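Colleague: Next comes the structure file run_18.cif, holding mmCIF, C-alpha atoms and all ligand atoms.
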```
data_work
loop_
_atom_site.label_atom_id
_atom_site.label_comp_id
_atom_site.auth_asym_id
_atom_site.auth_seq_id
_atom_site.Cartn_x
_atom_site.Cartn_y
_atom_site.Cartn_z
CA MET T 205 -53.03 -35.40 50.55
CA LEU T 206 -51.80 -38.29 48.47
CA SER T 207 -53.60 -41.60 48.34
CA LYS T 208 -51.66 -44.64 49.55
CA THR T 209 -51.77 -46.09 46.02
CA MET T 210 -50.30 -42.93 44.50
CA GLU T 211 -47.73 -42.70 47.28
CA LYS T 212 -46.58 -46.26 46.59
CA ALA T 213 -46.48 -45.73 42.82
CA LEU T 214 -44.44 -42.53 43.19
CA ASN T 215 -41.99 -44.29 45.51
CA GLU T 216 -41.60 -47.00 42.88
CA GLN T 217 -40.89 -44.33 40.29
CA ILE T 218 -38.19 -42.85 42.55
CA ASN T 219 -36.57 -46.28 42.55
CA LYS T 220 -36.80 -46.53 38.74
CA GLU T 221 -35.19 -43.10 38.32
CA MET T 222 -32.45 -44.07 40.79
CA TYR T 223 -31.89 -47.28 38.85
CA SER T 224 -31.68 -45.23 35.63
CA SER T 225 -29.03 -43.08 37.30
CA TYR T 226 -27.15 -46.20 38.36
CA LEU T 227 -27.39 -47.81 34.92
CA TYR T 228 -26.08 -44.70 33.14
CA LEU T 229 -23.26 -44.35 35.65
CA ALA T 230 -22.28 -47.98 34.93
CA MET T 231 -22.23 -47.08 31.22
CA ALA T 232 -20.14 -43.98 31.95
CA ALA T 233 -17.62 -46.05 33.90
CA HIS T 234 -17.38 -48.62 31.10
CA LEU T 235 -16.96 -45.91 28.45
CA SER T 236 -14.31 -44.18 30.51
CA GLU T 237 -12.43 -47.47 30.73
CA GLN T 238 -12.65 -47.68 26.92
CA HIS T 239 -11.13 -44.16 26.65
CA LEU T 240 -14.31 -42.82 25.11
CA ASP T 241 -14.17 -39.75 27.33
CA GLY T 242 -16.83 -37.80 25.44
CA PHE T 243 -19.44 -40.54 25.74
CA ALA T 244 -18.37 -41.15 29.34
CA LYS T 245 -19.10 -37.49 30.14
CA PHE T 246 -22.41 -37.73 28.25
CA PHE T 247 -23.53 -40.64 30.46
CA GLU T 248 -22.22 -39.02 33.65
CA ILE T 249 -24.47 -36.04 32.91
CA GLN T 250 -27.32 -38.41 32.00
CA SER T 251 -26.84 -40.18 35.32
CA GLN T 252 -27.01 -36.88 37.25
CA GLU T 253 -30.12 -35.93 35.32
CA GLU T 254 -31.86 -39.15 36.41
CA TRP T 255 -30.89 -38.49 40.01
CA GLY T 256 -32.55 -35.10 39.57
CA HIS T 257 -35.73 -36.82 38.33
CA ALA T 258 -35.82 -38.97 41.46
CA MET T 259 -35.40 -35.83 43.57
CA ARG T 260 -38.30 -34.09 41.82
CA ILE T 261 -40.58 -36.95 42.88
CA TYR T 262 -39.03 -36.98 46.35
CA LYS T 263 -39.95 -33.30 46.73
CA HIS T 264 -43.45 -33.85 45.38
CA LEU T 265 -44.02 -36.62 47.94
CA ASN T 266 -42.80 -34.37 50.75
CA GLU T 267 -44.88 -31.41 49.64
CA ARG T 268 -48.01 -33.53 49.40
CA GLY T 269 -47.67 -35.06 52.84
CA GLY T 270 -46.55 -38.40 51.44
CA ARG T 271 -43.90 -40.63 52.88
CA VAL T 272 -40.68 -41.32 50.98
CA VAL T 273 -39.68 -44.97 51.34
CA LEU T 274 -36.40 -45.82 49.66
CA ASP T 275 -35.91 -49.34 48.39
CA LYS T 276 -32.77 -51.13 47.25
CA ILE T 277 -31.48 -50.31 43.80
CA ASP T 278 -30.96 -53.25 41.44
CA LYS T 279 -27.48 -53.95 40.14
CA PRO T 280 -27.14 -52.63 36.60
CA GLN T 281 -25.37 -54.33 33.71
CA THR T 282 -21.69 -53.32 33.99
CA THR T 283 -20.06 -54.48 30.76
CA PHE T 284 -21.19 -53.66 27.26
CA LYS T 285 -20.19 -54.86 23.81
CA ASP T 286 -20.10 -51.52 22.04
CA LEU T 287 -21.79 -48.14 21.66
CA GLU T 288 -24.61 -49.65 19.64
CA GLU T 289 -25.46 -51.97 22.52
CA ILE T 290 -25.26 -49.09 25.01
CA PHE T 291 -27.60 -46.85 23.04
CA THR T 292 -29.97 -49.72 22.22
CA LEU T 293 -30.24 -50.53 25.94
CA THR T 294 -30.63 -46.84 26.76
CA LEU T 295 -33.44 -46.35 24.27
CA GLU T 296 -35.22 -49.49 25.49
CA HIS T 297 -34.84 -48.35 29.07
CA GLU T 298 -36.25 -44.90 28.30
CA GLN T 299 -39.20 -46.53 26.52
CA PHE T 300 -39.81 -48.58 29.66
CA ILE T 301 -39.67 -45.40 31.79
CA THR T 302 -42.11 -43.66 29.43
CA LYS T 303 -44.62 -46.49 29.93
CA SER T 304 -44.14 -46.25 33.67
CA ILE T 305 -44.78 -42.46 33.63
CA HIS T 306 -47.89 -42.96 31.51
CA THR T 307 -49.20 -45.53 33.99
CA LEU T 308 -48.66 -42.97 36.77
CA VAL T 309 -50.62 -40.36 34.80
CA ASP T 310 -53.45 -42.87 34.30
CA LEU T 311 -53.50 -43.48 38.04
CA ALA T 312 -53.56 -39.74 38.80
CA VAL T 313 -56.50 -39.32 36.42
CA LYS T 314 -58.32 -42.29 37.93
CA GLU T 315 -57.84 -40.93 41.44
CA LYS T 316 -58.66 -37.35 40.41
CA ASP T 317 -55.28 -36.34 41.84
CA HIS T 318 -54.96 -33.13 39.82
CA ALA T 319 -51.78 -31.98 41.53
CA SER T 320 -49.96 -35.22 40.66
CA GLN T 321 -51.36 -35.13 37.15
CA ILE T 322 -49.96 -31.65 36.53
CA PHE T 323 -46.71 -32.57 38.26
CA LEU T 324 -46.32 -35.56 35.93
CA ASP T 325 -46.80 -33.41 32.80
CA TRP T 326 -43.16 -32.39 33.05
CA PHE T 327 -42.11 -36.06 32.97
CA VAL T 328 -44.31 -36.83 29.96
CA ASN T 329 -42.54 -34.06 28.01
CA GLU T 330 -39.14 -35.07 29.33
CA GLN T 331 -39.64 -38.63 28.07
CA VAL T 332 -40.48 -37.40 24.56
CA GLU T 333 -37.15 -35.55 24.56
CA GLU T 334 -35.23 -38.49 26.07
CA GLU T 335 -36.50 -40.98 23.51
CA ALA T 336 -35.91 -38.63 20.57
CA ASN T 337 -32.38 -37.87 21.75
CA MET T 338 -31.42 -41.52 22.26
CA GLU T 339 -33.02 -42.56 18.97
CA ASN T 340 -30.94 -39.90 17.24
CA TRP T 341 -27.69 -41.11 18.77
CA LEU T 342 -28.49 -44.74 18.01
CA ALA T 343 -29.24 -43.90 14.37
CA LYS T 344 -25.95 -42.00 14.00
CA ILE T 345 -23.99 -44.87 15.56
CA LYS T 346 -25.67 -47.43 13.32
CA MET T 347 -25.25 -45.47 10.08
CA SER T 348 -21.59 -44.63 10.73
CA GLY T 349 -20.53 -47.95 12.21
CA ALA T 350 -18.90 -45.81 14.95
CA LYS T 351 -15.36 -46.90 14.09
CA GLY T 352 -12.02 -45.19 13.45
CA HIS T 353 -12.09 -41.43 12.89
CA VAL T 354 -15.91 -41.33 12.83
CA LEU T 355 -15.88 -42.74 16.36
CA PHE T 356 -13.49 -39.96 17.46
CA MET T 357 -15.79 -37.39 15.90
CA LEU T 358 -18.87 -38.81 17.60
CA ASP T 359 -17.02 -39.02 20.91
CA GLY T 360 -16.04 -35.36 20.60
CA HIS T 361 -19.62 -34.43 19.80
CA ALA T 362 -20.98 -36.42 22.77
CA GLY T 363 -18.46 -34.65 25.03
CA GLU T 364 -19.91 -31.26 24.11
CA ARG T 365 -22.96 -32.01 26.23
CA LYS T 366 -23.31 -29.37 28.95
CA LYS T 367 -26.42 -30.48 30.83
FE FE H 1 -35.80 -40.05 34.20
FE FE H 2 -34.26 -40.68 31.33
#
```
Take the structure in the file and give it back as structure tokens.
Ligand SMILES: [Fe+2]
Ligand SMILES: [Fe+2]
Modeller:
Amino acid sequence: MLSKTMEKALNEQINKEMYSSYLYLAMAAHLSEQHLDGFAKFFEIQSQEEWGHAMRIYKHLNERGGRVVLDKIDKPQTTFKDLEEIFTLTLEHEQFITKSIHTLVDLAVKEKDHASQIFLDWFVNEQVEEEANMENWLAKIKMSGAKGHVLFMLDGHAGERKK
């Protein structure tokens, strides 16, 4: 059985993952409008992935006899200057999510909620991957300037993302 504190914190994390999904979908829409179809696809997949994260927590709450309480999702930013801004915001957002996951782990440890602690391991690893991936893209965009034919190349590369 989940504690009320853990239940509340996990519900808040569902909302953060849903917001992530919303934010990345807003980026996808903007990129699609800019005819950067590869990057648009990249962020569509990213958005679906975040929805999947929310659903993992949803299932954990159900399995543990917790109650899922959905809250409203904040409106994300909808226009962006360029790819550098998009990837800077994405990296910052992932760093924020990492902190949030770590706080959840601390709570699980404090409450001796071993099941939640083990469940959250997956998210700790996932965040390492997310940050590394976004850092990598941001570095490539910064070093290339992401203009002209380099931009086309990067867009093509981003569009190769399968999952
Ligand atoms: Fe996530
Ligand atoms: Fe993420």
Colleague: Excluding same-chain residues fewer than 2 positions from Leu265 of chain T, what lies within 12 Å of it counting all atoms listed in the file, as a ChimeraX atom specification?
Modeller: /T:205-208,210-218,258-263,267-273,319-320,323
Colleague: For ligand FE 1 (chain H), which residue out of T:Asn266, T:Asn337, T:Gln331, T:Asn219 is the nearest one, using only C-alpha atoms and all ligand atoms?
Modeller: T:Gln331
Colleague: Measuring atom to atom with only C-alpha atoms, identify which of T:Phe243, T:Gln238, T:Glu248, T:Glu288 is nearest to Met347 of chain T.
Modeller: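 For Met347 of chain T, the nearest of the candidates is T:Glu288.
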Colleague: What does the list of residues within 7 Å of ligand FE 2 (chain H) look like if you count only C-alpha atoms and all ligand atoms, written as a list of chain:residue names?
Modeller: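 Using only C-alpha atoms and all ligand atoms, everything at most 7 Å from ligand FE 2 (chain H) comes to T:Ser224, T:Glu254, T:Glu298, T:Gln331, T:Glu334.
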Colleague: Between T:Lys276, T:Arg365, T:Lys344, T:His297, which is the closest to ligand FE 1 (chain H) once you count all atoms listed in the file?
Modeller: T:His297
Colleague: Between atom CA of Ile290 of chain T and atom CA of Trp326 of chain T, what is the distance, to one decimal in Å?
Modeller: 25.8 Å
Colleague: Report, in Å with one decimal, the straight-line distance from atom CA of Ala336 of chain T to atom CA of Ala312 of chain T.
Modeller: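 Result for atom CA of Ala336 of chain T versus atom CA of Ala312 of chain T: 25.4 Å, one decimal.
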Colleague: Which residues are close to Gln281 of chain T, i.e. within 12 Å by all atoms listed in the file, leaving aside same-chain residues fewer than 4 positions away? Reply as a ChimeraX atom specification.
Modeller: /T:223-224,226-234,285,289-290,293-294
Colleague: Considering only C-alpha atoms and all ligand atoms, state which residue in the set T:Phe284, T:Thr307, T:Glu237, T:Val332 is at the smallest distance from ligand FE 1 (chain H).
Modeller: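 Counting only C-alpha atoms and all ligand atoms, the residue closest to ligand FE 1 (chain H) is T:Val332.
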Colleague: Give me, please, the distance in Å between atom CA of Leu295 of chain T and atom CA of Asp359 of chain T, quoted to one decimal.
Modeller: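 Separation between atom CA of Leu295 of chain T and atom CA of Asp359 of chain T: 18.3 Å.
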Colleague: Pick from T:Asn329, T:Asn340, T:Ala350, T:Asp286: nearest to Ile305 of chain T, with only C-alpha atoms counted?
Modeller: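 Once distances to Ile305 of chain T are computed over only C-alpha atoms, the minimum belongs to T:Asn329.
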Colleague: Around (-17.1, -30.5, 24.8) in the file's own coordinates, what residues are found within 12 Å if you use all atoms listed in the file, given back as a list in words?
Modeller: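 Those within range, by chain then number, are Asp241, Gly242, Phe243, Ala244, Lys245, Phe246, Met357, Leu358, Asp359, Gly360, His361, Ala362, Gly363, Glu364, Arg365, Lys366 and Lys367 of chain T.
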Colleague: Generate the output file for the selected residues, C-alpha atoms, as a compact mmCIF listing (two decimals), in the frame of the given file.
Modeller:
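selection_0.txt was written with the following content:
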```
# COMPACT_ATOMS: atom_id res chain seq x y z
CA ASP T 241 -14.17 -39.75 27.33
CA GLY T 242 -16.83 -37.80 25.44
CA PHE T 243 -19.44 -40.54 25.74
CA ALA T 244 -18.37 -41.15 29.34
CA LYS T 245 -19.10 -37.49 30.14
CA PHE T 246 -22.41 -37.73 28.25
CA MET T 357 -15.79 -37.39 15.90
CA LEU T 358 -18.87 -38.81 17.60
CA ASP T 359 -17.02 -39.02 20.91
CA GLY T 360 -16.04 -35.36 20.60
CA HIS T 361 -19.62 -34.43 19.80
CA ALA T 362 -20.98 -36.42 22.77
CA GLY T 363 -18.46 -34.65 25.03
CA GLU T 364 -19.91 -31.26 24.11
CA ARG T 365 -22.96 -32.01 26.23
CA LYS T 366 -23.31 -29.37 28.95
CA LYS T 367 -26.42 -30.48 30.83
```
